[in-house]
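*Asks:* Questions regarding the structure given below will be posed in turn.
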2 protein chains.
Amino acid sequence: MEKLEIIPLGGIGEFGMNCMGIRFRDEMIVVDAGMGFPEETPYGVDISIPDFEYLDEYRDDITALFLTHGHEDHIGSTPYFLKKFNVPVYGSGLTLAFVEEKLNEHGILDDVLMHRVEAGDVAEVNSFEVEFIHASHSLVDCFSLAITSPAGTVIHTGDYKIDDTPVIGKPYDLKSLGRIGDEGVLALLADSTNATVPGRTPSEQAVIPDLEDIIANAEGRVFVTTFSSSIHRLQLVFDIAHSLDKKVCLLGRSMMRNVEITSELGLLNIPHDTEVDLKDARQMNDEDIVYLVTGSQGEQRAAMWNIATQSYKGLSIQQGDTVILSARIIPGNEKKISKMIGAIYRHGGNIIEEKRRLIHVSGHPSQEDIRIMTETVKPKYLVPIHGEYRMLFRHQEFAKNHLGFADENVVLIENGDVLELSDGSARVTERRDIHKVFIDGTRDGEVEYDTVRERRKLAFSGVVSLVVMLDKETKELLNEPDISLRGVTRVNPLNGTLQSARDSISEAIEAMTFKDLSDKTWLTENLRVHLKRFIQKETGTRPVIVPTIVEV
Amino acid sequence: MEKLEIIPLGGIGEFGMNCMGIRFRDEMIVVDAGMGFPEETPYGVDISIPDFEYLDEYRDDITALFLTHGHEDHIGSTPYFLKKFNVPVYGSGLTLAFVEEKLNEHGILDDVLMHRVEAGDVAEVNSFEVEFIHASHSLVDCFSLAITSPAGTVIHTGDYKIDDTPVIGKPYDLKSLGRIGDEGVLALLADSTNATVPGRTPSEQAVIPDLEDIIANAEGRVFVTTFSSSIHRLQLVFDIAHSLDKKVCLLGRSMMRNVEITSELGLLNIPHDTEVDLKDARQMNDEDIVYLVTGSQGEQRAAMWNIATQSYKGLSIQQGDTVILSARIIPGNEKKISKMIGAIYRHGGNIIEEKRRLIHVSGHPSQEDIRIMTETVKPKYLVPIHGEYRMLFRHQEFAKNHLGFADENVVLIENGDVLELSDGSARVTERRDIHKVFIDGTRDGEVEYDTVRERRKLAFSGVVSLVVMLDKETKELLNEPDISLRGVTRVNPLNGTLQSARDSISEAIEAMTFKDLSDKTWLTENLRVHLKRFIQKETGTRPVIVPTIVEV
């Protein structure tokens, strides 16, 4: 019986970095190459990407990269992937437009072959046939994938919601999923993000009444902050503003860029004479403008944060402004967002949050959507993907308790696993540790784990530079040791600890033999440990010690 | 007309560090001295405390410290406060028991005069009369304070909920509040934590049915994790375990300590033969034990985290275990808790969260409780305290829209403000910047802002130690400059950048005049800037440069 291997590199048990290899015999296709936002930002890390070295052993097998949609957690690491594995890329017009920008920034746009596909298309790559199925989501131009090989058909949902009335485009193509389901599906790899949420996820249109009401009745200026990739939401803001005879002014680079790209592709449809730039907006009455602004997560470099706390291009919150936070709060951002909200209130603005009004809906399936998906596809095996562990487990639990799946037919996997699927069985044949790779945004360079570890120590206790000068011949100490401090507490000239530390090093050196002093490696390490212990004993802190021995 | 000044040092616009001076003429009493948990933990900061130096100008005025209750955000900085201002402390038996431990750790227990008071007591301190009013909260033995001076009466609610059926002790003493309200209250300083939540906060007893059901029907072991200070909750777990013929085993230092203290004070009432230690628990059947465990916030040093991820005293999560997360998620802890939950699922345990069952209730008043409080006290002025800005603003909004307060009768203040209250007016007469003070837990020493700033830089880009050796007489460079790196990226021996950096420094020195080289301060700074620019240009990173110049 033919076998298929499912090899997730990221996105399982974590938010972000979605990437999965799917292998049949000696052929592998890869689905998505996303980025993540790790907690290591204090240590000079901007983003994380999957560890693509892990795919080195399949180097000759990899034939193509398929992209489900254009969110950063699905395409953010495409340049890094493609630099390593230059294979053709398949994606929708919008997805590829986003990817093109990235490849351009990395200077590899001309080196990559891209296939723009549409819903209903089928790509044949050797033994694989991949059908692109129109999916509804918070972004537009998204796909679910039906991946067929001689080992059977696997459905990879990508991110989806079952939206019968999206703002832009058609409803989810459940018909195609049903057709493929009827033909027999080996496994469904399915979005778990909202598997903890009962009921159905409301349509993108559900926010219209409240958004309209708030914008219509606001007394001062209105700021709507949302993800610049929430294209349905942007369309709604334009439509509502237009119907109320207001103009929309875009603030923030990614907002402008995404509006431009999606307009050019004919996805976003800006009503005639509705968009104004900031210069024109300044000339108009406050109540005639809706600002559509980046920075819903309280990002300190984004427009909304600056408007809230001080100013952005001269704009700041003033008495009577209304700010609509039309986005979910991504876990980990609560404090930043709360600070931003506080700043808005303090400047006299009013905040409308999701808790109070229906101004945001999720882009992911809730439990009843998961039911519809699963019952439409009728897979033999269900593999929860895309989510933290609690979501994957609740997805599993829901399938077992409410969708009639047997234990062995819901398979939980982890990043680094090799899941072997065949008609008769689904089992993890290999379980490998896989790390994430840290990227420093300034030059897209990798930040090694060791570097992060060192920075963590520096952050916690600071650094002490110790310079000791010895006579080249006699190995005698020529000067008093030199000690410099950065970020160190409780060692200072005033309390005498600094002088004691110098004395202690001098004494240690004087007690050493000529032979000890001649072994520079040993001596360096010995002085490092000596000073470390001294400082720890005196102060209780453990700064990093950087010893230098110079000989003249 | 007599005036009263309200001077908040912390707790306004932030969670934690509650502390407030209340001044009449040249007398000041202080209410609470709490700690906070700042975001600066990566930089070796454990807790934050109010900046008590701010009170130096009132040094001779301060007559007493009044404590509303024993939560860390109300008593955590008492030792620091009392070291600076050794005044008598008033508090309940439990509050003082907690404070005593702290003073003991700081070696000042014998130096402090403590007055143990009970609900209904009135303390007279010169012109101030302070009545202690029994308050219900998630902790027990808590007070609201009625503070009377010739300028009128102010009610400070402390933390409260209006619980008609607490598990331990009596309901909130609304009767006394009503009596004082009838006599006329100038201002109500009131808890805003849940001012965003409609309706009423359920009683501490509300969790009984679900807790009982889950514990009774769990198949394996049961772990209940909650705050060790949620004394009502602890009582319930003991009671439920007892009624089901199970034993309770306490895990975690603070859990054991708080159970001991509250039992001794007769607040917690452990049913006969219900508590067992871990040694005995090991001998018993899994289904006969309920573990009551610290670490509901995913703290990595607490028992629950260790049980979930690896083991704690040999205990780890196994297939069939049930973990009840009977606590709220404090904002900022979401990621840690989510990781802990993931680990529990991965080891085969099941998690019961607040979202799914009623296993936690808040200790703070929701909007309808705020209504009851405000209508009972009938203050002239309402001053929202204790909460982030969004909560304070929503408290204000609720009072204006639903409690009939005029704009000028709800006063928003900030830490560092001086709010002057008299019968005729409430106005902020001074607005001063006040910072928090960072404390490093290891020796309770202060970590200066500058140190944190330096550590932040070190964390972000690492450190470069540069050692340059000059001839004392000729100022000639004696050796090649020595460069050591910690936590630095892209400067290394392999790519040649390290050697270029050395060369660049050598060249810079060679280009300098004898006079330049003789000015060591100028030279040090010049070389620092030179190397900084060189590295930034070559690598795009900005490590901290620590230059040392030695002369022989």
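Residues are referred to by chain and number: the chain letter is A, B, ... according to the order shown in the structure tokens, the number counts from 1 in that chain, and ligands are numbered separately from 1 in the order shown.
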With only C-alpha atoms counted and 6 Å as the cut-off, give the residues of chain B in contact with chain A, each with its shortest interatomic distance in Å and the pair that gives it, as a tab-separated table.
*Replies:*
```
residue	atom	partner	partner_atom	distance
B:Pro42	CA	A:Phe460	CA	5.8
B:Tyr43	CA	A:Phe460	CA	4.4
B:Gly44	CA	A:Phe460	CA	4.3
B:Gly342	CA	A:Tyr389	CA	4.7
B:Tyr389	CA	A:Gly342	CA	4.6
B:Arg390	CA	A:Gly342	CA	5.2
B:Thr451	CA	A:Gly487	CA	4.5
B:Glu454	CA	A:Gly487	CA	5.0
B:Arg455	CA	A:Ala459	CA	4.6
B:Leu458	CA	A:Leu458	CA	5.9
B:Ala459	CA	A:Arg455	CA	4.6
B:Phe460	CA	A:Gly44	CA	4.3
B:Gly462	CA	A:Arg455	CA	5.8
B:Gly487	CA	A:Thr451	CA	4.5
```
*Asks:* Restricting the output to C-alpha atoms, write the selected residues as a short mmCIF file (atom, residue, chain, number, x, y, z; two decimals), in the first residue's frame.
*Replies:*
```cif
data_model
loop_
_atom_site.label_atom_id
_atom_site.label_comp_id
_atom_site.auth_asym_id
_atom_site.auth_seq_id
_atom_site.Cartn_x
_atom_site.Cartn_y
_atom_site.Cartn_z
CA PRO B 42 14.41 40.29 31.53
CA TYR B 43 16.63 43.05 32.93
CA GLY B 44 17.05 41.54 36.36
CA GLY B 342 -0.25 22.78 26.23
CA TYR B 389 -6.71 53.65 32.65
CA ARG B 390 -9.35 51.88 30.61
CA THR B 451 21.14 50.29 34.66
CA GLU B 454 22.18 49.82 29.71
CA ARG B 455 20.97 46.24 30.11
CA LEU B 458 23.25 44.91 25.96
CA ALA B 459 20.28 42.59 25.46
CA PHE B 460 19.48 43.95 22.05
CA GLY B 462 25.52 42.43 22.83
CA GLY B 487 26.21 38.34 22.23
#
```
*Asks:* Find the spatial neighbours of His156 in chain A, counting only C-alpha atoms, within a cut-off of 8 Å - ignore same-chain residues fewer than 6 positions away - and output them as a list of chain:residue names.
*Replies:*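 After dropping sequence-adjacent residues, the list is A:Ser144, A:Leu145, A:Ala146, A:Ile147, A:Leu188, A:Leu189, A:Ala190.
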*Asks:* From a DSSP pass on the backbone, collect the residues of range 85-213 of chain B flagged as strand (DSSP E or B) and hand them back as a ChimeraX atom specification.
*Replies:* /B:89-91,114-116,122-125,128-136,142-149,152-156,161,185-191
*Asks:* B:Ala241, B:Val437, B:Ile162, B:Asp213: which is nearest Met17 in chain B, counting only C-alpha atoms?
*Replies:*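 Between B:Ala241, B:Val437, B:Ile162, B:Asp213, the residue approaching Met17 in chain B most closely is B:Val437.
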*Asks:* Could you tell me which of B:Asn492, B:Thr294, B:Ser149, B:Ser230 comes closest to Glu5 in chain B if we count only C-alpha atoms?
*Replies:*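 Using only C-alpha atoms, the shortest distance to Glu5 in chain B belongs to B:Ser149.
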*Asks:* Hey, what does DSSP flag as helix (DSSP H, G or I) within range 1-116 of chain A? Can you give it to me as an MDAnalysis selection string?
*Replies:* chainID A and resid 41:43 52:58 72:75 78:84 93:105 109:111
*Asks:* Which residue gives the smallest distance to Ser192 in chain B among B:Gly363, B:Gly496, B:Pro166, B:Gly320, with only C-alpha atoms counted?
*Replies:*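 Distance minimum relative to Ser192 in chain B lands on B:Gly363.
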*Asks:* Write out as number ranges by chain each polymer residue whose atoms come within 12 Å of Lys515 in chain A, counting only C-alpha atoms; drop sequence neighbours fewer than 6 positions from it.
*Replies:* A: 473-476, 509, 522-523
*Asks:* Put those residues in a file: N, CA and C atoms, as a compact mmCIF listing (two decimals), in the first residue's frame.
*Replies:*
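Result file out.txt:
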```
# COMPACT_ATOMS: atom_id res chain seq x y z
N GLU A 473 57.89 38.79 29.74
CA GLU A 473 58.97 37.89 30.17
C GLU A 473 58.71 37.35 31.57
N THR A 474 58.54 38.26 32.51
CA THR A 474 58.48 37.84 33.92
C THR A 474 57.09 37.42 34.36
N LYS A 475 56.06 37.76 33.54
CA LYS A 475 54.66 37.51 33.88
C LYS A 475 54.23 38.27 35.13
N GLU A 476 54.93 39.32 35.42
CA GLU A 476 54.51 40.15 36.55
C GLU A 476 53.39 41.08 36.15
N ILE A 509 46.53 36.98 41.12
CA ILE A 509 47.63 36.86 40.16
C ILE A 509 48.96 36.69 40.89
N TRP A 522 44.32 29.21 30.18
CA TRP A 522 43.98 28.83 31.55
C TRP A 522 43.81 30.08 32.40
N LEU A 523 44.73 31.01 32.24
CA LEU A 523 44.73 32.22 33.06
C LEU A 523 43.46 33.05 32.82
```
*Asks:* Find the spatial neighbours of Phe37 in chain B, counting only C-alpha atoms, within a cut-off of 9 Å - ignore same-chain residues fewer than 4 positions away - and output them as a list in words.
*Replies:* Phe15, Gly16, Met17, Thr41, Val45, Asp46, Ile47, Ser48, Ile49 and Asp73 of chain B
*Asks:* Save the residues we just selected, all heavy atoms, as a compact mmCIF listing (two decimals), in the first residue's frame?
*Replies:*
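Result saved to selection-v4.txt:
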```txt
# COMPACT_ATOMS: atom_id res chain seq x y z
N PHE B 15 -1.80 48.09 37.13
CA PHE B 15 -2.16 47.03 38.05
C PHE B 15 -1.01 46.87 39.03
O PHE B 15 0.12 46.62 38.63
CB PHE B 15 -2.42 45.73 37.29
CG PHE B 15 -2.75 44.59 38.18
CD1 PHE B 15 -4.00 44.48 38.76
CD2 PHE B 15 -1.79 43.63 38.48
CE1 PHE B 15 -4.30 43.43 39.61
CE2 PHE B 15 -2.09 42.57 39.33
CZ PHE B 15 -3.35 42.47 39.89
N GLY B 16 -1.28 47.06 40.33
CA GLY B 16 -0.23 46.87 41.33
C GLY B 16 0.22 48.17 41.98
O GLY B 16 -0.24 49.25 41.62
N MET B 17 1.11 48.07 42.98
CA MET B 17 1.76 49.21 43.64
C MET B 17 0.78 50.19 44.27
O MET B 17 1.03 51.40 44.27
CB MET B 17 2.65 49.96 42.65
CG MET B 17 3.78 49.13 42.13
SD MET B 17 5.21 50.15 41.74
CE MET B 17 4.51 51.30 40.59
N THR B 41 11.38 42.37 33.82
CA THR B 41 12.00 41.16 34.37
C THR B 41 13.19 40.64 33.56
O THR B 41 14.12 40.13 34.16
CB THR B 41 10.97 40.03 34.56
OG1 THR B 41 10.15 39.96 33.42
CG2 THR B 41 10.11 40.28 35.78
N VAL B 45 15.01 42.66 36.98
CA VAL B 45 14.11 43.35 37.90
C VAL B 45 13.03 42.37 38.33
O VAL B 45 12.42 41.73 37.48
CB VAL B 45 13.46 44.57 37.21
CG1 VAL B 45 12.39 45.17 38.11
CG2 VAL B 45 14.51 45.59 36.85
N ASP B 46 12.83 42.22 39.63
CA ASP B 46 11.83 41.27 40.08
C ASP B 46 10.50 41.93 40.39
O ASP B 46 9.45 41.43 40.03
CB ASP B 46 12.34 40.53 41.31
CG ASP B 46 13.44 39.57 40.92
OD1 ASP B 46 13.12 38.55 40.31
OD2 ASP B 46 14.61 39.86 41.19
N ILE B 47 10.57 43.02 41.11
CA ILE B 47 9.33 43.70 41.47
C ILE B 47 9.54 45.21 41.34
O ILE B 47 10.67 45.69 41.19
CB ILE B 47 8.89 43.38 42.92
CG1 ILE B 47 9.93 43.89 43.93
CG2 ILE B 47 8.67 41.89 43.11
CD1 ILE B 47 9.41 43.95 45.36
N SER B 48 8.43 45.93 41.36
CA SER B 48 8.53 47.38 41.42
C SER B 48 7.79 47.86 42.66
O SER B 48 6.85 47.21 43.13
CB SER B 48 7.94 48.01 40.16
OG SER B 48 6.59 47.67 40.02
N ILE B 49 8.24 48.96 43.19
CA ILE B 49 7.59 49.57 44.35
C ILE B 49 7.40 51.06 44.06
O ILE B 49 8.06 51.61 43.17
CB ILE B 49 8.42 49.37 45.65
CG1 ILE B 49 9.78 50.05 45.55
CG2 ILE B 49 8.59 47.88 45.97
CD1 ILE B 49 10.56 50.06 46.86
N ASP B 73 -0.17 43.45 46.11
CA ASP B 73 -0.26 44.77 45.47
C ASP B 73 -0.72 45.84 46.46
O ASP B 73 -0.85 47.01 46.10
CB ASP B 73 -1.13 44.74 44.21
CG ASP B 73 -2.54 44.25 44.46
OD1 ASP B 73 -2.72 43.39 45.35
OD2 ASP B 73 -3.47 44.71 43.78
```
*Asks:* One decimal, Å: what's the distance from CA of Tyr58 in chain B over to CA of Asn104 in chain B, could you say?
*Replies:*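 Taking CA of Tyr58 in chain B as the start and CA of Asn104 in chain B as the end point, the length is 26.6 Å.
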*Asks:* Quick one: distance from CA of Leu94 in chain B to CA of Met255 in chain B in Å, one decimal?
*Replies:* 14.8 Å
*Asks:* Hey, which of B:Ser77, B:Asn285, B:Thr497, B:Asn269 ends up closest to Lys247 in chain B? Count only C-alpha atoms.
*Replies:*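 Counting only C-alpha atoms, the residue closest to Lys247 in chain B is B:Asn285.
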*Asks:* Quick one: residues within 9 Å of Gly158 in chain A, only C-alpha atoms counted, chain neighbours fewer than 4 positions away excluded, as a PyMOL selection string?
*Replies:* chain A and resi 31-32+67-69+74+135+142-145+189-191+386
